[in-house]
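Shown here: protein.cif, mmCIF, C-alpha atoms.
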data_data
#
loop_
_atom_site.label_atom_id
_atom_site.label_comp_id
_atom_site.auth_asym_id
_atom_site.auth_seq_id
_atom_site.Cartn_x
_atom_site.Cartn_y
_atom_site.Cartn_z
CA MET J 1 29.82 -0.11 4.26
CA THR J 2 30.52 2.55 1.62
CA CYS J 3 27.90 4.81 0.00
CA SER J 4 28.10 2.99 -3.35
CA GLU J 5 27.65 -0.35 -1.58
CA PHE J 6 24.63 1.14 0.13
CA LEU J 7 23.23 2.35 -3.19
CA LYS J 8 23.54 -1.11 -4.75
CA GLU J 9 21.35 -2.52 -1.99
CA LEU J 10 18.84 0.35 -2.02
CA THR J 11 16.21 -1.39 -4.15
CA ASP J 12 16.21 -4.52 -1.98
CA TYR J 13 16.16 -2.36 1.14
CA LEU J 14 13.13 -0.35 -0.02
CA ASP J 15 11.38 -3.57 -1.03
CA ASN J 16 12.27 -5.16 2.30
CA SER J 17 13.69 -8.19 0.52
CA MET J 18 16.92 -8.81 2.34
CA ASP J 19 18.23 -10.75 5.31
CA ASP J 20 18.23 -9.17 8.77
CA ARG J 21 22.00 -8.88 8.90
CA THR J 22 22.33 -6.87 5.67
CA LYS J 23 19.38 -4.74 6.71
CA ALA J 24 21.06 -3.97 10.04
CA GLU J 25 24.28 -2.98 8.21
CA LEU J 26 22.35 -0.63 5.91
CA GLU J 27 20.50 0.94 8.81
CA GLU J 28 23.75 1.43 10.67
CA HIS J 29 25.09 3.27 7.59
CA LEU J 30 21.96 5.45 7.53
CA THR J 31 22.47 6.55 11.13
CA TRP J 32 25.61 8.48 10.25
CA CYS J 33 25.49 9.09 6.46
CA HIS J 34 23.17 12.01 5.84
CA ASN J 35 23.53 11.86 2.03
CA CYS J 36 22.44 8.23 1.82
CA TYR J 37 19.62 8.96 4.26
CA VAL J 38 18.36 11.74 1.98
CA VAL J 39 18.72 9.63 -1.20
CA CYS J 40 16.95 6.72 0.47
CA ASN J 41 14.14 8.86 1.83
CA THR J 42 13.53 10.83 -1.39
CA THR J 43 13.64 7.65 -3.50
CA LYS J 44 11.02 6.12 -1.23
CA ARG J 45 8.91 9.27 -1.59
CA THR J 46 9.34 9.14 -5.39
CA ILE J 47 7.78 5.67 -5.45
CA GLU J 48 4.99 6.64 -3.07
CA ILE J 49 4.15 9.80 -5.04
CA TYR J 50 3.93 7.91 -8.33
CA ARG J 51 1.92 5.12 -6.76
CA GLY J 52 -0.57 7.55 -5.23
CA SER J 53 -0.70 9.96 -8.16
CA GLU J 54 -3.55 8.51 -10.23
CA LEU J 55 -1.48 9.45 -13.25
CA TYR J 56 -3.08 7.98 -16.38
CA GLU J 57 -6.33 6.91 -14.77
CA LEU J 58 -8.87 5.65 -17.28
CA PRO J 59 -11.83 8.11 -17.40
CA GLU J 60 -15.19 6.37 -16.85
CA ASP J 61 -16.74 7.45 -20.19
CA LEU J 62 -13.75 6.21 -22.17
CA ARG J 63 -13.69 3.08 -20.06
CA GLY J 64 -17.27 2.25 -21.05
CA LYS J 65 -16.48 2.77 -24.74
CA LEU J 66 -13.38 0.60 -24.62
CA GLN J 67 -15.17 -2.20 -22.78
CA ALA J 68 -17.98 -2.18 -25.35
CA ALA J 69 -15.50 -2.22 -28.24
CA ILE J 70 -13.52 -5.09 -26.71
CA ILE J 71 -16.59 -7.21 -26.08
CA ASP J 72 -17.92 -6.55 -29.60
CA LYS J 73 -14.63 -7.70 -31.09
CA CYS J 74 -14.57 -10.79 -28.85
CA LYS J 75 -18.09 -11.74 -29.95
CA CYS J 76 -16.93 -11.70 -33.57
CA SER J 77 -13.92 -13.81 -32.70
CA LYS J 78 -13.43 -17.21 -31.14
CA PRO J 79 -10.70 -18.32 -28.76
CA GLU J 80 -8.15 -20.46 -30.58
CA ASN J 81 -7.71 -23.98 -29.21
CA PRO J 82 -10.70 -23.74 -26.88
CA GLY J 83 -10.39 -26.04 -23.91
CA LYS J 84 -6.99 -26.96 -22.57
CA MET G 1 12.49 3.49 7.43
CA GLU G 2 9.54 1.31 6.46
CA ALA G 3 9.41 -0.73 3.28
CA ILE G 4 6.98 0.08 0.49
CA GLU G 5 3.80 -1.98 0.54
CA SER G 6 2.57 -3.81 -2.53
CA LYS G 7 -0.54 -2.41 -4.24
CA VAL G 8 -1.97 -5.40 -6.08
CA GLY G 9 -3.38 -8.16 -3.94
CA GLU G 10 -3.94 -11.81 -4.71
CA PRO G 11 -6.35 -12.51 -7.58
CA ALA G 12 -9.94 -13.19 -6.57
CA SER G 13 -10.68 -16.88 -6.07
CA ASP G 14 -13.16 -16.93 -8.96
CA GLU G 15 -10.46 -16.08 -11.47
CA THR G 16 -9.73 -19.64 -12.57
CA VAL G 17 -13.45 -20.23 -13.09
CA LEU G 18 -13.75 -17.05 -15.20
CA VAL G 19 -10.68 -17.92 -17.27
CA ASP G 20 -11.95 -21.46 -17.90
CA ALA G 21 -15.39 -20.17 -18.92
CA ALA G 22 -13.90 -17.51 -21.21
CA ARG G 23 -11.62 -20.13 -22.76
CA ALA G 24 -14.72 -22.15 -23.62
CA GLY G 25 -16.16 -19.10 -25.41
CA ASP G 26 -18.19 -17.43 -22.62
CA VAL G 27 -17.81 -13.75 -23.49
CA SER G 28 -19.60 -12.52 -20.35
CA ALA G 29 -17.00 -14.30 -18.20
CA PHE G 30 -14.27 -12.58 -20.19
CA GLU G 31 -16.07 -9.26 -19.76
CA LYS G 32 -15.67 -9.63 -15.99
CA LEU G 33 -11.92 -10.06 -16.48
CA VAL G 34 -11.86 -6.96 -18.70
CA ARG G 35 -13.63 -4.92 -16.00
CA ARG G 36 -11.22 -6.23 -13.39
CA TYR G 37 -8.03 -5.29 -15.21
CA ASP G 38 -8.78 -2.62 -17.83
CA ARG G 39 -7.61 0.25 -15.63
CA ASN G 40 -4.29 -1.49 -15.01
CA VAL G 41 -3.81 -2.31 -18.69
CA PHE G 42 -4.55 1.30 -19.68
CA ARG G 43 -2.10 2.67 -17.11
CA ILE G 44 0.68 0.37 -18.28
CA ALA G 45 -0.04 1.14 -21.95
CA GLN G 46 -0.04 4.89 -21.37
CA HIS G 47 3.17 4.75 -19.33
CA ILE G 48 4.97 2.87 -22.10
CA THR G 49 3.57 4.57 -25.20
CA GLN G 50 3.21 8.07 -23.69
CA ASN G 51 0.38 8.57 -26.17
CA ARG G 52 -3.32 8.49 -25.34
CA GLU G 53 -4.56 7.15 -28.70
CA ASP G 54 -1.97 4.42 -28.73
CA ALA G 55 -2.86 3.48 -25.17
CA GLU G 56 -6.54 3.12 -26.13
CA ASP G 57 -5.59 0.89 -29.07
CA VAL G 58 -3.28 -1.18 -26.87
CA VAL G 59 -6.10 -1.82 -24.35
CA GLN G 60 -8.36 -3.14 -27.12
CA ASP G 61 -5.69 -5.17 -28.89
CA ALA G 62 -4.27 -6.67 -25.69
CA PHE G 63 -7.65 -7.90 -24.43
CA LEU G 64 -8.65 -9.23 -27.85
CA LYS G 65 -5.34 -11.05 -28.18
CA ALA G 66 -5.72 -12.45 -24.68
CA TYR G 67 -9.22 -13.70 -25.52
CA GLN G 68 -8.12 -15.30 -28.77
CA ASN G 69 -5.13 -17.00 -27.15
CA LEU G 70 -6.64 -18.15 -23.88
CA GLY G 71 -6.06 -21.71 -25.08
CA GLN G 72 -2.35 -21.09 -24.69
CA PHE G 73 -2.62 -19.73 -21.17
CA GLN G 74 -1.47 -22.65 -19.07
CA GLY G 75 -2.20 -21.23 -15.66
CA GLN G 76 1.43 -21.50 -14.53
CA SER G 77 1.49 -17.77 -13.97
CA LYS G 78 -1.40 -15.58 -12.85
CA PHE G 79 -3.82 -14.49 -15.57
CA TYR G 80 -2.92 -10.88 -14.79
CA THR G 81 0.84 -11.45 -15.28
CA TRP G 82 0.08 -13.14 -18.61
CA LEU G 83 -2.14 -10.21 -19.62
CA VAL G 84 0.60 -7.74 -18.64
CA ARG G 85 3.06 -9.59 -20.87
CA ILE G 86 0.69 -9.22 -23.84
CA THR G 87 0.06 -5.56 -22.98
CA VAL G 88 3.77 -4.71 -22.80
CA ASN G 89 4.42 -6.36 -26.17
CA GLU G 90 1.55 -4.49 -27.82
CA ALA G 91 2.64 -1.18 -26.26
CA LEU G 92 6.27 -1.58 -27.34
CA MET G 93 5.09 -2.43 -30.85
CA ARG G 94 3.08 0.82 -30.99
CA LEU G 95 6.04 2.77 -29.67
CA ARG G 96 8.33 1.31 -32.33
CA ARG G 97 5.81 2.23 -35.04
CA ARG G 98 5.71 5.80 -33.81
CA ARG G 99 9.46 6.09 -33.40
CA PRO G 100 10.88 3.97 -36.22
CA GLU G 101 14.07 5.99 -36.19
CA ARG G 102 14.96 4.63 -32.79
CA MET G 103 15.07 0.97 -31.84
CA VAL G 104 12.85 0.39 -28.83
CA SER G 105 13.57 -2.75 -26.93
CA ILE G 106 12.97 -4.00 -23.45
CA ASP G 107 16.52 -5.37 -23.53
CA GLU G 108 17.83 -1.89 -24.14
CA ASP G 109 20.48 -1.27 -21.56
CA VAL G 110 21.24 2.38 -21.45
CA LYS G 111 24.67 3.76 -20.64
CA THR G 112 26.46 2.66 -17.51
CA GLU G 113 25.69 2.64 -13.82
CA GLU G 114 27.08 6.18 -13.73
CA ASP G 115 23.91 7.63 -15.23
CA SER G 116 22.03 6.88 -12.04
CA MET G 117 24.54 8.00 -9.44
CA PRO G 118 22.93 10.76 -7.38
CA ARG G 119 24.30 14.11 -8.41
CA GLU G 120 22.16 16.45 -6.38
CA ILE G 121 21.51 15.50 -2.79
CA ALA G 122 18.82 17.76 -1.41
CA ASP G 123 16.18 17.04 1.17
CA TRP G 124 12.59 17.47 0.04
CA SER G 125 9.77 19.41 1.59
CA PRO G 126 7.83 17.31 4.13
CA ASN G 127 4.85 16.86 1.76
CA PRO G 128 6.29 17.77 -1.63
CA GLU G 129 3.21 16.71 -3.60
CA GLN G 130 1.22 19.38 -1.77
CA LEU G 131 3.37 22.14 -3.24
CA TYR G 132 1.36 21.80 -6.46
CA ASN G 133 -2.27 21.37 -7.41
CA GLN G 134 -3.45 18.05 -8.82
CA ALA G 135 -3.11 19.09 -12.48
CA GLU G 136 0.36 20.59 -11.98
CA LEU G 137 1.51 17.51 -10.10
CA LYS G 138 0.30 15.18 -12.86
CA GLU G 139 2.09 17.28 -15.44
CA ILE G 140 5.34 17.15 -13.46
CA LEU G 141 5.11 13.40 -12.92
CA GLY G 142 4.14 12.75 -16.55
CA LYS G 143 6.93 14.90 -17.94
CA THR G 144 9.46 13.33 -15.58
CA ILE G 145 8.67 9.70 -16.38
CA GLN G 146 8.50 10.48 -20.10
CA GLY G 147 12.21 11.32 -19.96
CA LEU G 148 13.18 7.79 -18.91
CA PRO G 149 14.19 5.21 -21.52
CA PRO G 150 11.21 2.92 -22.35
CA SER G 151 12.90 -0.12 -20.79
CA PHE G 152 13.30 1.72 -17.47
CA ARG G 153 9.81 3.16 -17.30
CA THR G 154 8.31 -0.22 -18.20
CA VAL G 155 10.02 -1.88 -15.25
CA PHE G 156 9.12 1.04 -12.96
CA VAL G 157 5.43 1.01 -13.88
CA LEU G 158 5.08 -2.76 -13.45
CA ARG G 159 7.03 -2.99 -10.24
CA ASP G 160 6.31 0.28 -8.46
CA VAL G 161 3.02 1.57 -9.86
CA GLU G 162 1.22 -1.73 -10.49
CA GLY G 163 2.89 -3.51 -7.61
CA LEU G 164 3.96 -6.71 -9.40
CA SER G 165 6.67 -8.62 -7.57
CA THR G 166 10.20 -8.62 -8.96
CA GLU G 167 9.70 -12.22 -10.13
CA GLU G 168 6.37 -11.42 -11.81
CA THR G 169 7.94 -8.40 -13.54
CA ALA G 170 10.82 -10.58 -14.76
CA ASP G 171 8.30 -13.17 -15.99
CA ALA G 172 6.16 -10.57 -17.79
CA LEU G 173 9.17 -8.99 -19.51
CA ASP G 174 11.25 -12.11 -20.16
CA LEU G 175 14.08 -10.62 -18.16
CA SER G 176 16.20 -12.13 -15.41
CA VAL G 177 15.56 -11.05 -11.80
CA PRO G 178 18.97 -9.26 -11.59
CA ALA G 179 18.16 -7.36 -14.84
CA VAL G 180 14.81 -6.22 -13.39
CA LYS G 181 16.50 -5.11 -10.17
CA SER G 182 19.21 -3.21 -12.03
CA ARG G 183 16.71 -1.37 -14.25
CA LEU G 184 14.43 -0.68 -11.30
CA LEU G 185 17.22 0.85 -9.22
CA ARG G 186 18.27 3.07 -12.10
CA ALA G 187 14.70 4.08 -12.92
CA ARG G 188 13.98 4.98 -9.30
CA LEU G 189 17.20 6.97 -8.91
CA GLN G 190 16.76 8.82 -12.20
CA LEU G 191 13.18 9.78 -11.33
CA ARG G 192 14.29 10.94 -7.90
CA GLU G 193 17.04 13.03 -9.42
CA ARG G 194 14.67 14.64 -11.95
CA LEU G 195 12.04 15.39 -9.28
CA ASN G 196 14.58 17.19 -7.07
CA LYS G 197 14.09 20.50 -8.80
CA TYR G 198 10.34 20.47 -8.10
CA PHE G 199 10.29 19.00 -4.63
CA LYS G 200 13.42 20.14 -2.82
CA ARG G 201 13.04 22.07 0.37
CA ARG G 202 13.15 25.79 -0.13
CA ASP G 203 14.21 27.31 3.15
#

Whole structure given in structure tokens:
Amino acid sequence: MTCSEFLKELTDYLDNSMDDRTKAELEEHLTWCHNCYVVCNTTKRTIEIYRGSELYELPEDLRGKLQAAIIDKCKCSKPENPGK
Amino acid sequence: MEAIESKVGEPASDETVLVDAARAGDVSAFEKLVRRYDRNVFRIAQHITQNREDAEDVVQDAFLKAYQNLGQFQGQSKFYTWLVRITVNEALMRLRRRRPERMVSIDEDVKTEEDSMPREIADWSPNPEQLYNQAELKEILGKTIQGLPPSFRTVFVLRDVEGLSTEETADALDLSVPAVKSRLLRARLQLRERLNKYFKRRD
């Protein structure tokens, strides 16, 4: 397996959505290719850091205001085609 | 190396009941759905629009639109995936209004595969996020994701931040599964590349 072949499979590998045979081939590549190991590891960390970052969390005071505004608007409006 | 775990679990079992009640005009049932998903909707809106005011407007418009159109929600997908689809459309519309000079489309396919090929290969510090305080880290992450094309950061936020499956992301964005995977790979690699300068090991 070449490095660019490895890279093409990286997303499926990180998401664990591949068959055991392909996974074994990728892991074999990782045992000797330091560059792909680093890219794989830092890409995984990128995802974990964003997921754990609480970037763009909704502050509680704003949350309350938005909920009230949404519900007010809904009360003045009716669902179209109510009932299936 | 272990795979990344999904963040969003299965919807609560009362969801169908709440959706049915809201569809019949029960606003308090809809309010429960708002409370369940408003944080997610805000996060998605802010990631796409990169503007706080727009994100606030998107949250209101997306929920109102969902309420008004519940009759068209057929229950083939999860309520949340349907809500995400509405949110993304509203957010892209806001983005287009703010940047009329540039076409913003989810179908936008930027450059070639070359743009995502790793250029700098450097190992990171063991806990790179601890090199900065919380405010600095948020600024770095915000600035970094802002630099991605809207179509890439939309896929990244749905798939990797919100934890939708590849199929759900494809469904919410009207894209094919291979298109989602291609954008996701490029988004992940571009973010990684841009974060190198902040997180690489300094020995």

List the residues selected by the PyMOL selection byres ((chain J) within 7 of (chain G)) in the file shown, writing them as a tab-separated table (two decimals) with C-alpha atoms, in the frame of the given file.
chain	number	residue	atom	x	y	z
J	11	THR	CA	16.21	-1.39	-4.15
J	14	LEU	CA	13.13	-0.35	-0.02
J	15	ASP	CA	11.38	-3.57	-1.03
J	16	ASN	CA	12.27	-5.16	2.30
J	35	ASN	CA	23.53	11.86	2.03
J	38	VAL	CA	18.36	11.74	1.98
J	39	VAL	CA	18.72	9.63	-1.20
J	42	THR	CA	13.53	10.83	-1.39
J	43	THR	CA	13.64	7.65	-3.50
J	46	THR	CA	9.34	9.14	-5.39
J	47	ILE	CA	7.78	5.67	-5.45
J	50	TYR	CA	3.93	7.91	-8.33
J	51	ARG	CA	1.92	5.12	-6.76
J	55	LEU	CA	-1.48	9.45	-13.25
J	56	TYR	CA	-3.08	7.98	-16.38
J	57	GLU	CA	-6.33	6.91	-14.77
J	58	LEU	CA	-8.87	5.65	-17.28
J	66	LEU	CA	-13.38	0.60	-24.62
J	70	ILE	CA	-13.52	-5.09	-26.71
J	71	ILE	CA	-16.59	-7.21	-26.08
J	73	LYS	CA	-14.63	-7.70	-31.09
J	74	CYS	CA	-14.57	-10.79	-28.85
J	75	LYS	CA	-18.09	-11.74	-29.95
J	78	LYS	CA	-13.43	-17.21	-31.14
J	79	PRO	CA	-10.70	-18.32	-28.76
J	80	GLU	CA	-8.15	-20.46	-30.58
J	81	ASN	CA	-7.71	-23.98	-29.21
J	82	PRO	CA	-10.70	-23.74	-26.88
J	83	GLY	CA	-10.39	-26.04	-23.91
J	84	LYS	CA	-6.99	-26.96	-22.57

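As for atom CA of Ser17 of chain J and atom CA of Ala170 of chain G, they are spaced 15.7 Å apart.
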
Taken to one decimal, the atom CA of Ile48 of chain G-atom CA of Pro149 of chain G distance is 9.5 Å

Would you compute the distance between atom CA of His29 of chain J and atom CA of Lys8 of chain J? Give it in Å to one decimal. 13.2 Å

Report as a PyMOL selection string the full result of the PyMOL selection byres ((chain G and resi 88) around 10) when it is applied to this structure. chain G and resi 41+44-45+48-49+58+62+83-87+89-94+106+154+158+172-173

Preceding selection exported with C-alpha atoms as a PDB file, in the coordinates of the input:
ATOM      1  CA  VAL G  41      -3.810  -2.310 -18.690  1.00  0.00           C
ATOM      2  CA  ILE G  44       0.680   0.370 -18.280  1.00  0.00           C
ATOM      3  CA  ALA G  45      -0.040   1.140 -21.950  1.00  0.00           C
ATOM      4  CA  ILE G  48       4.970   2.870 -22.100  1.00  0.00           C
ATOM      5  CA  THR G  49       3.570   4.570 -25.200  1.00  0.00           C
ATOM      6  CA  VAL G  58      -3.280  -1.180 -26.870  1.00  0.00           C
ATOM      7  CA  ALA G  62      -4.270  -6.670 -25.690  1.00  0.00           C
ATOM      8  CA  LEU G  83      -2.140 -10.210 -19.620  1.00  0.00           C
ATOM      9  CA  VAL G  84       0.600  -7.740 -18.640  1.00  0.00           C
ATOM     10  CA  ARG G  85       3.060  -9.590 -20.870  1.00  0.00           C
ATOM     11  CA  ILE G  86       0.690  -9.220 -23.840  1.00  0.00           C
ATOM     12  CA  THR G  87       0.060  -5.560 -22.980  1.00  0.00           C
ATOM     13  CA  ASN G  89       4.420  -6.360 -26.170  1.00  0.00           C
ATOM     14  CA  GLU G  90       1.550  -4.490 -27.820  1.00  0.00           C
ATOM     15  CA  ALA G  91       2.640  -1.180 -26.260  1.00  0.00           C
ATOM     16  CA  LEU G  92       6.270  -1.580 -27.340  1.00  0.00           C
ATOM     17  CA  MET G  93       5.090  -2.430 -30.850  1.00  0.00           C
ATOM     18  CA  ARG G  94       3.080   0.820 -30.990  1.00  0.00           C
ATOM     19  CA  ILE G 106      12.970  -4.000 -23.450  1.00  0.00           C
ATOM     20  CA  THR G 154       8.310  -0.220 -18.200  1.00  0.00           C
ATOM     21  CA  LEU G 158       5.080  -2.760 -13.450  1.00  0.00           C
ATOM     22  CA  ALA G 172       6.160 -10.570 -17.790  1.00  0.00           C
ATOM     23  CA  LEU G 173       9.170  -8.990 -19.510  1.00  0.00           C
TER      24      LEU G 173
END

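The result of the PyMOL selection byres ((chain J and resi 30) around 12) on the shown file is Met1, Thr2, Cys3, Phe6, Leu7, Leu10, Tyr13, Lys23, Ala24, Glu25, Leu26, Glu27, Glu28, His29, Thr31, Trp32, Cys33, His34, Asn35, Cys36, Tyr37, Val38, Val39, Cys40 and Asn41 of chain J; Met1 of chain G.
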
Those same residues - C-alpha atoms - I'd like them written as a PDB file, keeping the file's coordinate frame.
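Okay, part-v9.pdb is ready:
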ATOM      1  CA  MET J   1      29.820  -0.110   4.260  1.00  0.00           C
ATOM      2  CA  THR J   2      30.520   2.550   1.620  1.00  0.00           C
ATOM      3  CA  CYS J   3      27.900   4.810   0.000  1.00  0.00           C
ATOM      4  CA  PHE J   6      24.630   1.140   0.130  1.00  0.00           C
ATOM      5  CA  LEU J   7      23.230   2.350  -3.190  1.00  0.00           C
ATOM      6  CA  LEU J  10      18.840   0.350  -2.020  1.00  0.00           C
ATOM      7  CA  TYR J  13      16.160  -2.360   1.140  1.00  0.00           C
ATOM      8  CA  LYS J  23      19.380  -4.740   6.710  1.00  0.00           C
ATOM      9  CA  ALA J  24      21.060  -3.970  10.040  1.00  0.00           C
ATOM     10  CA  GLU J  25      24.280  -2.980   8.210  1.00  0.00           C
ATOM     11  CA  LEU J  26      22.350  -0.630   5.910  1.00  0.00           C
ATOM     12  CA  GLU J  27      20.500   0.940   8.810  1.00  0.00           C
ATOM     13  CA  GLU J  28      23.750   1.430  10.670  1.00  0.00           C
ATOM     14  CA  HIS J  29      25.090   3.270   7.590  1.00  0.00           C
ATOM     15  CA  THR J  31      22.470   6.550  11.130  1.00  0.00           C
ATOM     16  CA  TRP J  32      25.610   8.480  10.250  1.00  0.00           C
ATOM     17  CA  CYS J  33      25.490   9.090   6.460  1.00  0.00           C
ATOM     18  CA  HIS J  34      23.170  12.010   5.840  1.00  0.00           C
ATOM     19  CA  ASN J  35      23.530  11.860   2.030  1.00  0.00           C
ATOM     20  CA  CYS J  36      22.440   8.230   1.820  1.00  0.00           C
ATOM     21  CA  TYR J  37      19.620   8.960   4.260  1.00  0.00           C
ATOM     22  CA  VAL J  38      18.360  11.740   1.980  1.00  0.00           C
ATOM     23  CA  VAL J  39      18.720   9.630  -1.200  1.00  0.00           C
ATOM     24  CA  CYS J  40      16.950   6.720   0.470  1.00  0.00           C
ATOM     25  CA  ASN J  41      14.140   8.860   1.830  1.00  0.00           C
TER      26      ASN J  41
ATOM     27  CA  MET G   1      12.490   3.490   7.430  1.00  0.00           C
TER      28      MET G   1
END

Looking at G:Ser13, G:Ser176, G:Asn51, G:Thr169, which one is nearest to Trp82 of chain G, with distances taken over only C-alpha atoms?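 Using only C-alpha atoms, the shortest distance to Trp82 of chain G belongs to G:Thr169.
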
Centre, x/y/z edge lengths, axis-aligned box for segment 1-14 of chain J with 4 Å per side, as lines of an AutoDock Vina configuration file:
center_x = 21.8
center_y = 0.1
center_z = -0.2
size_x = 25.4
size_y = 17.3
size_z = 17.0

Using only C-alpha atoms, which of J:Arg45, J:Glu60, J:Asp19, J:Gln67 sits nearest Lys32 of chain G? J:Gln67
